[in-house]
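Peer 1: If you scroll down you'll find the structure; I have some questions about it.
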Amino acid sequence: MIGREKELEQLEKLNNSERFEFLVMYGRRRVGKTTILQEFSSRHNVIFYSAQEKNDSLNLIDFSKTLQQHYEGHYIAPFQSWEDALSYVTNKSKKEKTILIIDEFPFMAGPNPSIKSIFQHEIDHHWKDLNIFLILCGSSVSFMINDIMGYESPLYGRTTSSMEILPFDYIDSAKFFENYSVEDKLITYGILGGIPRYLNAFSSKAPIQENIEAEILRNGAFLNDEPMMLLKMELREPSVYNSILEAIARGYNRVTEIADCIHEDKGKCSKYLLTLMSIRLVEKRIPCGEPEESKKAIYVLTDNFYRFWYRYVFSNKNYYELLGTKDAAKEVMEDISDYMGLTFEEICKQFLIRQAKERKLPFIPFYIGKWWGNNPAIRAQDDVDILAMNKKKTEGLFCECKFTNKPMQMEEYDDLVTATRAFPEDMKKYLMFISKGGFTAPVQRRAAQEGAVLLTIDDLFKV
């Protein structure tokens, strides 16, 4: 299994406990939660129940079948109530360890909210003293956080652990495409992001352009309307959310810009943005080092595939149908370097975080991210692709990221030096440049003299 070693290790650690363990696992759809649970289940004697969007009585019947098949080897009859079903688990668990996994728990608790109280009662009166490992898993992130672990939930305080399953980073995503060049691995991550289901849709034996044509642009392909399908599953007004996501993908990042772009009220947009943040599609960002309440906040799409899809597929659907999938894919690839700019900054940020964990940076960053704001030295707005600072802001690492074929010029070196002047003179400053196209000879000589670090995309994959 690619890239989920830590998650499986944590599951094994909890399973090895001889006391009651209650794990809440959550994460956005397609991120691979069920796959992790199936892998874990293959190693142990597990009761695995996957709830479905059915009414309460049908879910109880299915749950009864799962329990009885596990313990008796065959189905006898449905339990009369959820209390009876959990009491049955209690009685069986007095003799042996029980691992009970309920996938998509919101489908069970949604039609019958009292189920949470029924679980709470069984835990408090029986399970807490038994060797039971309970895992409740769900794709509705807000439900799992608020309705299961939240203060007002009957299950509040009963969990012993929680686990959010996150998308892969660029390193693990690249493992799906061992045959690709370093550049193509990064581009594929820029298109698909770190969602395993999306990564599996591309063939590592086909060029990126052919994959875009066959797996994204072709009508009927899984990825052709995937974002739209998920929005309809998650949200009640997908048309408004579509407009917001498209606006952000086109570069409208502030609330007022988004509202003006889609002709909606600013307050309404703010409400919808909170929902998109709760399902992990949008993230609010502030300039690195500034307080959370900064008025310079912007909103970005956290999912690469959504950013790609809204920029190209959603915005150009009618045009691409006239153009044809082959020529449309070609046109997309001609624009890919420009598209990759933001994604490459995120990739480089992941690289710096990994370097920090391995103690390979001059200091351990307390702040890390993009910075933008006024630069008094030039009396104009300025930005830094990635800024990392220590806790006291006495040291700063300034990083410029370029995803172009052209070697980096001295002018771009000077631009970063100028940006550092927006920060105190007594700050100890380090320069780093990461360029796909390499560096001109003058830049290399100056970097050597001044101690600046020059890296290419090959360096991003070196351990």
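Ordered as shown in the structure tokens, chains take letters A, B, and onward, while each chain numbers its residues from 1 and ligands are numbered from 1 in the order shown.
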Could you pull the residues within 9 Å of A:Pro362, counting only C-alpha atoms, minus those fewer than 2 positions along the same chain, as a PyMOL selection string?
Peer 2: chain A and resi 356+359-360+364+395+397+430
Peer 1: Let's see if you can do this: from backbone DSSP, list all strand (DSSP E) residues in stretch 74-223 of chain A, as a PyMOL selection string.
Peer 2: chain A and resi 98-103+132-138+161-164
Peer 1: Please dump the current selection as a PDB file, in the first residue's frame; keep N, CA and C atoms.
Peer 2:
ATOM      1  N   THR A  98     -12.762  -7.677  20.416  1.00  0.00           N
ATOM      2  CA  THR A  98     -13.620  -7.294  19.293  1.00  0.00           C
ATOM      3  C   THR A  98     -13.075  -6.046  18.610  1.00  0.00           C
ATOM      4  N   ILE A  99     -12.983  -6.130  17.296  1.00  0.00           N
ATOM      5  CA  ILE A  99     -12.649  -4.952  16.488  1.00  0.00           C
ATOM      6  C   ILE A  99     -13.876  -4.652  15.648  1.00  0.00           C
ATOM      7  N   LEU A 100     -14.532  -3.547  15.937  1.00  0.00           N
ATOM      8  CA  LEU A 100     -15.755  -3.155  15.222  1.00  0.00           C
ATOM      9  C   LEU A 100     -15.497  -1.883  14.435  1.00  0.00           C
ATOM     10  N   ILE A 101     -15.602  -1.984  13.110  1.00  0.00           N
ATOM     11  CA  ILE A 101     -15.408  -0.845  12.226  1.00  0.00           C
ATOM     12  C   ILE A 101     -16.734  -0.508  11.558  1.00  0.00           C
ATOM     13  N   ILE A 102     -17.153   0.727  11.692  1.00  0.00           N
ATOM     14  CA  ILE A 102     -18.350   1.192  10.981  1.00  0.00           C
ATOM     15  C   ILE A 102     -17.926   2.304  10.033  1.00  0.00           C
ATOM     16  N   ASP A 103     -17.948   1.986   8.755  1.00  0.00           N
ATOM     17  CA  ASP A 103     -17.576   2.955   7.719  1.00  0.00           C
ATOM     18  C   ASP A 103     -18.801   3.774   7.333  1.00  0.00           C
ATOM     19  N   ILE A 132     -12.287  -3.843  23.496  1.00  0.00           N
ATOM     20  CA  ILE A 132     -12.986  -3.535  22.245  1.00  0.00           C
ATOM     21  C   ILE A 132     -12.259  -2.385  21.546  1.00  0.00           C
ATOM     22  N   PHE A 133     -12.060  -2.535  20.259  1.00  0.00           N
ATOM     23  CA  PHE A 133     -11.496  -1.476  19.432  1.00  0.00           C
ATOM     24  C   PHE A 133     -12.590  -1.027  18.473  1.00  0.00           C
ATOM     25  N   LEU A 134     -13.159   0.140  18.745  1.00  0.00           N
ATOM     26  CA  LEU A 134     -14.248   0.697  17.933  1.00  0.00           C
ATOM     27  C   LEU A 134     -13.708   1.775  17.019  1.00  0.00           C
ATOM     28  N   ILE A 135     -14.018   1.660  15.736  1.00  0.00           N
ATOM     29  CA  ILE A 135     -13.625   2.683  14.762  1.00  0.00           C
ATOM     30  C   ILE A 135     -14.884   3.179  14.062  1.00  0.00           C
ATOM     31  N   LEU A 136     -15.152   4.481  14.172  1.00  0.00           N
ATOM     32  CA  LEU A 136     -16.226   5.118  13.420  1.00  0.00           C
ATOM     33  C   LEU A 136     -15.582   5.998  12.364  1.00  0.00           C
ATOM     34  N   CYS A 137     -15.964   5.790  11.109  1.00  0.00           N
ATOM     35  CA  CYS A 137     -15.329   6.487   9.994  1.00  0.00           C
ATOM     36  C   CYS A 137     -16.381   7.219   9.178  1.00  0.00           C
ATOM     37  N   GLY A 138     -16.021   8.376   8.642  1.00  0.00           N
ATOM     38  CA  GLY A 138     -16.972   9.120   7.821  1.00  0.00           C
ATOM     39  C   GLY A 138     -16.318  10.129   6.903  1.00  0.00           C
ATOM     40  N   SER A 161      -8.854   8.388  20.446  1.00  0.00           N
ATOM     41  CA  SER A 161      -7.946   8.833  19.388  1.00  0.00           C
ATOM     42  C   SER A 161      -8.762   9.313  18.194  1.00  0.00           C
ATOM     43  N   SER A 162      -8.157  10.153  17.369  1.00  0.00           N
ATOM     44  CA  SER A 162      -8.791  10.595  16.125  1.00  0.00           C
ATOM     45  C   SER A 162      -7.738  10.608  15.022  1.00  0.00           C
ATOM     46  N   MET A 163      -8.203  10.499  13.789  1.00  0.00           N
ATOM     47  CA  MET A 163      -7.272  10.437  12.663  1.00  0.00           C
ATOM     48  C   MET A 163      -7.923  11.069  11.442  1.00  0.00           C
ATOM     49  N   GLU A 164      -7.358  12.181  10.987  1.00  0.00           N
ATOM     50  CA  GLU A 164      -7.820  12.763   9.726  1.00  0.00           C
ATOM     51  C   GLU A 164      -6.938  12.227   8.605  1.00  0.00           C
TER      52      GLU A 164
END
Peer 1: Identify all residues of stretch 10-250 of chain A in helix (DSSP H, G or I) (DSSP on the backbone) and supply them as a VMD selection string.
Peer 2: chain A and resid 10 to 15 33 to 41 56 to 72 82 to 93 105 to 109 114 to 125 127 to 129 141 to 148 170 to 174 182 to 192 196 to 199 208 to 217 226 to 234 238 to 249
Peer 1: Keeping only C-alpha atoms, write the selected residues to a file as a tab-separated table (two decimals), in the first residue's frame.
Peer 2:
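Wrote part_22.tsv, looks like this:
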chain	number	residue	atom	x	y	z
A	10	GLN	CA	-1.28	3.94	14.42
A	11	LEU	CA	-4.13	1.48	13.86
A	12	GLU	CA	-1.87	-1.41	14.88
A	13	LYS	CA	-0.74	0.46	17.98
A	14	LEU	CA	-4.34	1.06	19.07
A	15	ASN	CA	-5.24	-2.54	18.30
A	33	LYS	CA	-10.14	5.95	4.23
A	34	THR	CA	-11.93	2.73	3.27
A	35	THR	CA	-8.81	1.35	1.58
A	36	ILE	CA	-6.81	1.87	4.77
A	37	LEU	CA	-9.49	0.17	6.84
A	38	GLN	CA	-9.71	-2.73	4.39
A	39	GLU	CA	-5.94	-3.20	4.53
A	40	PHE	CA	-6.04	-3.19	8.33
A	41	SER	CA	-9.01	-5.58	8.31
A	56	ASP	CA	-32.89	3.35	9.85
A	57	SER	CA	-34.64	-0.04	9.83
A	58	LEU	CA	-32.77	-1.21	6.71
A	59	ASN	CA	-29.43	-0.19	8.20
A	60	LEU	CA	-30.30	-2.11	11.37
A	61	ILE	CA	-31.11	-5.22	9.31
A	62	ASP	CA	-27.81	-4.96	7.44
A	63	PHE	CA	-25.90	-4.36	10.68
A	64	SER	CA	-27.60	-7.40	12.23
A	65	LYS	CA	-26.52	-9.55	9.29
A	66	THR	CA	-22.91	-8.35	9.60
A	67	LEU	CA	-22.73	-9.08	13.34
A	68	GLN	CA	-24.35	-12.51	13.13
A	69	GLN	CA	-22.31	-13.60	10.12
A	70	HIS	CA	-19.18	-12.72	12.09
A	71	TYR	CA	-20.09	-14.43	15.36
A	72	GLU	CA	-22.45	-17.25	14.27
A	82	TRP	CA	-29.91	-0.86	18.08
A	83	GLU	CA	-29.69	-1.40	21.83
A	84	ASP	CA	-30.13	-5.14	21.28
A	85	ALA	CA	-27.48	-5.16	18.54
A	86	LEU	CA	-24.85	-3.41	20.70
A	87	SER	CA	-25.76	-5.56	23.72
A	88	TYR	CA	-25.08	-8.60	21.54
A	89	VAL	CA	-21.59	-7.20	20.80
A	90	THR	CA	-21.08	-6.63	24.54
A	91	ASN	CA	-21.91	-10.22	25.44
A	92	LYS	CA	-19.65	-11.64	22.73
A	93	SER	CA	-16.78	-9.31	23.69
A	105	PHE	CA	-21.14	6.30	10.13
A	106	PRO	CA	-23.04	9.50	9.17
A	107	PHE	CA	-25.31	7.36	6.95
A	108	MET	CA	-26.25	5.40	10.08
A	109	ALA	CA	-26.53	8.29	12.54
A	114	SER	CA	-30.30	8.68	18.85
A	115	ILE	CA	-27.74	6.08	17.73
A	116	LYS	CA	-25.00	8.31	19.14
A	117	SER	CA	-26.62	8.17	22.57
A	118	ILE	CA	-27.09	4.40	22.28
A	119	PHE	CA	-23.35	3.98	21.58
A	120	GLN	CA	-22.54	6.34	24.43
A	121	HIS	CA	-24.64	4.32	26.88
A	122	GLU	CA	-23.03	1.03	25.83
A	123	ILE	CA	-19.53	2.51	26.07
A	124	ASP	CA	-20.12	4.02	29.52
A	125	HIS	CA	-21.80	0.96	31.03
A	127	TRP	CA	-17.41	-1.31	26.60
A	128	LYS	CA	-15.04	0.89	28.58
A	129	ASP	CA	-14.16	-2.18	30.66
A	141	VAL	CA	-15.76	15.99	7.97
A	142	SER	CA	-17.99	18.53	9.74
A	143	PHE	CA	-20.30	15.75	11.01
A	144	MET	CA	-17.44	13.67	12.38
A	145	ILE	CA	-15.83	16.66	14.09
A	146	ASN	CA	-18.97	18.34	15.45
A	147	ASP	CA	-21.55	15.57	15.85
A	148	ILE	CA	-19.18	12.84	17.05
A	170	TYR	CA	3.96	15.21	-3.99
A	171	ILE	CA	6.44	12.55	-2.86
A	172	ASP	CA	3.88	9.81	-2.26
A	173	SER	CA	1.83	10.86	-5.29
A	174	ALA	CA	4.91	10.38	-7.48
A	182	VAL	CA	10.64	14.27	-12.35
A	183	GLU	CA	8.93	17.10	-14.25
A	184	ASP	CA	6.02	14.89	-15.30
A	185	LYS	CA	5.59	13.61	-11.74
A	186	LEU	CA	5.24	17.19	-10.52
A	187	ILE	CA	2.83	18.12	-13.31
A	188	THR	CA	0.70	15.05	-12.62
A	189	TYR	CA	0.55	16.03	-8.95
A	190	GLY	CA	-0.40	19.55	-10.06
A	191	ILE	CA	-3.30	18.13	-12.08
A	192	LEU	CA	-4.57	15.36	-9.80
A	196	PRO	CA	-5.50	8.16	-4.47
A	197	ARG	CA	-8.65	7.55	-6.51
A	198	TYR	CA	-7.67	10.31	-8.93
A	199	LEU	CA	-4.05	9.17	-9.15
A	208	ILE	CA	0.19	13.17	-19.48
A	209	GLN	CA	-1.52	14.70	-22.50
A	210	GLU	CA	-3.10	11.37	-23.44
A	211	ASN	CA	-4.25	10.85	-19.86
A	212	ILE	CA	-5.87	14.30	-19.81
A	213	GLU	CA	-7.65	13.48	-23.07
A	214	ALA	CA	-8.85	10.01	-22.08
A	215	GLU	CA	-9.42	10.33	-18.33
A	216	ILE	CA	-10.55	13.95	-17.87
A	217	LEU	CA	-11.84	15.50	-21.10
A	226	GLU	CA	-16.18	14.22	-10.67
A	227	PRO	CA	-16.11	17.63	-8.88
A	228	MET	CA	-19.70	18.34	-9.92
A	229	MET	CA	-20.87	14.92	-8.73
A	230	LEU	CA	-19.21	15.33	-5.34
A	231	LEU	CA	-20.69	18.80	-4.85
A	232	LYS	CA	-24.17	17.42	-5.52
A	233	MET	CA	-23.55	14.70	-2.94
A	234	GLU	CA	-22.23	17.09	-0.30
A	238	PRO	CA	-24.16	23.27	-6.00
A	239	SER	CA	-24.67	26.08	-8.54
A	240	VAL	CA	-23.55	28.80	-6.10
A	241	TYR	CA	-20.64	26.69	-4.87
A	242	ASN	CA	-19.65	26.02	-8.48
A	243	SER	CA	-19.50	29.74	-9.14
A	244	ILE	CA	-17.36	30.36	-6.05
A	245	LEU	CA	-14.94	27.57	-6.88
A	246	GLU	CA	-14.61	28.76	-10.48
A	247	ALA	CA	-13.96	32.33	-9.30
A	248	ILE	CA	-11.18	31.19	-6.96
A	249	ALA	CA	-9.68	28.98	-9.70
Peer 1: Against stretch 384-391 of chain A, which residues of stretch 284-317 of chain A fall within 12 Å? For each one I want the closest pair of atoms and the distance in Å (one decimal), counting only C-alpha atoms, rows by chain and increasing residue number, as a tab-separated table.
Peer 2:
residue	atom	partner	partner_atom	distance
A:Pro287	CA	A:Leu387	CA	9.2
A:Cys288	CA	A:Leu387	CA	6.6
A:Gly289	CA	A:Met389	CA	7.7
A:Glu290	CA	A:Met389	CA	11.5
Peer 1: Residues of stretch 264-380 of chain A that have any atom at most 12 Å from an atom of stretch 445-457 of chain A: could you tabulate them with the shortest-distance atom pair and the distance in Å to one decimal, using only C-alpha atoms, ordered by chain and increasing number, as JSON lines?
Peer 2:
{"residue": "A:Phe344", "atom": "CA", "partner": "A:Ile457", "partner_atom": "CA", "distance": 9.8}
{"residue": "A:Glu345", "atom": "CA", "partner": "A:Ile457", "partner_atom": "CA", "distance": 11.8}
{"residue": "A:Ile347", "atom": "CA", "partner": "A:Ile457", "partner_atom": "CA", "distance": 10.0}
{"residue": "A:Cys348", "atom": "CA", "partner": "A:Ile457", "partner_atom": "CA", "distance": 9.2}
{"residue": "A:Phe351", "atom": "CA", "partner": "A:Ile457", "partner_atom": "CA", "distance": 10.5}
{"residue": "A:Leu352", "atom": "CA", "partner": "A:Leu455", "partner_atom": "CA", "distance": 11.8}
{"residue": "A:Leu361", "atom": "CA", "partner": "A:Val453", "partner_atom": "CA", "distance": 10.8}
{"residue": "A:Pro362", "atom": "CA", "partner": "A:Val453", "partner_atom": "CA", "distance": 11.4}
Peer 1: What does the file look like for those residues with C-alpha atoms, as a tab-separated table (two decimals), in the first residue's frame?
Peer 2:
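Writing done, so here's out17.tsv:
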chain	number	residue	atom	x	y	z
A	344	PHE	CA	4.88	24.49	-7.53
A	345	GLU	CA	4.98	26.91	-4.60
A	347	ILE	CA	5.31	21.59	-3.61
A	348	CYS	CA	8.33	23.64	-2.54
A	351	PHE	CA	9.83	20.20	0.54
A	352	LEU	CA	10.90	22.83	3.09
A	361	LEU	CA	17.28	24.09	7.38
A	362	PRO	CA	19.24	26.82	9.22
Peer 1: When you draw a straight line from atom CA of A:Gly267 to atom CA of A:Arg311, how long is it in Å?
Peer 2: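 Between atom CA of A:Gly267 and atom CA of A:Arg311 the gap works out to 24.8 Å.
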Peer 1: Just the number, please: distance in Å from atom CA of A:Arg28 to atom CA of A:Thr302, one decimal.
Peer 2: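 Atom CA of A:Thr302 lies at a distance of 11.7 Å from atom CA of A:Arg28.
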Peer 1: From the set A:Ala51, A:Ala380, A:Ala329, A:Ile279, which residue has the shortest atom-to-atom contact distance to A:Pro111, counting only C-alpha atoms?
Peer 2: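 The shortest atom-to-atom distance to A:Pro111 comes from A:Ala51.
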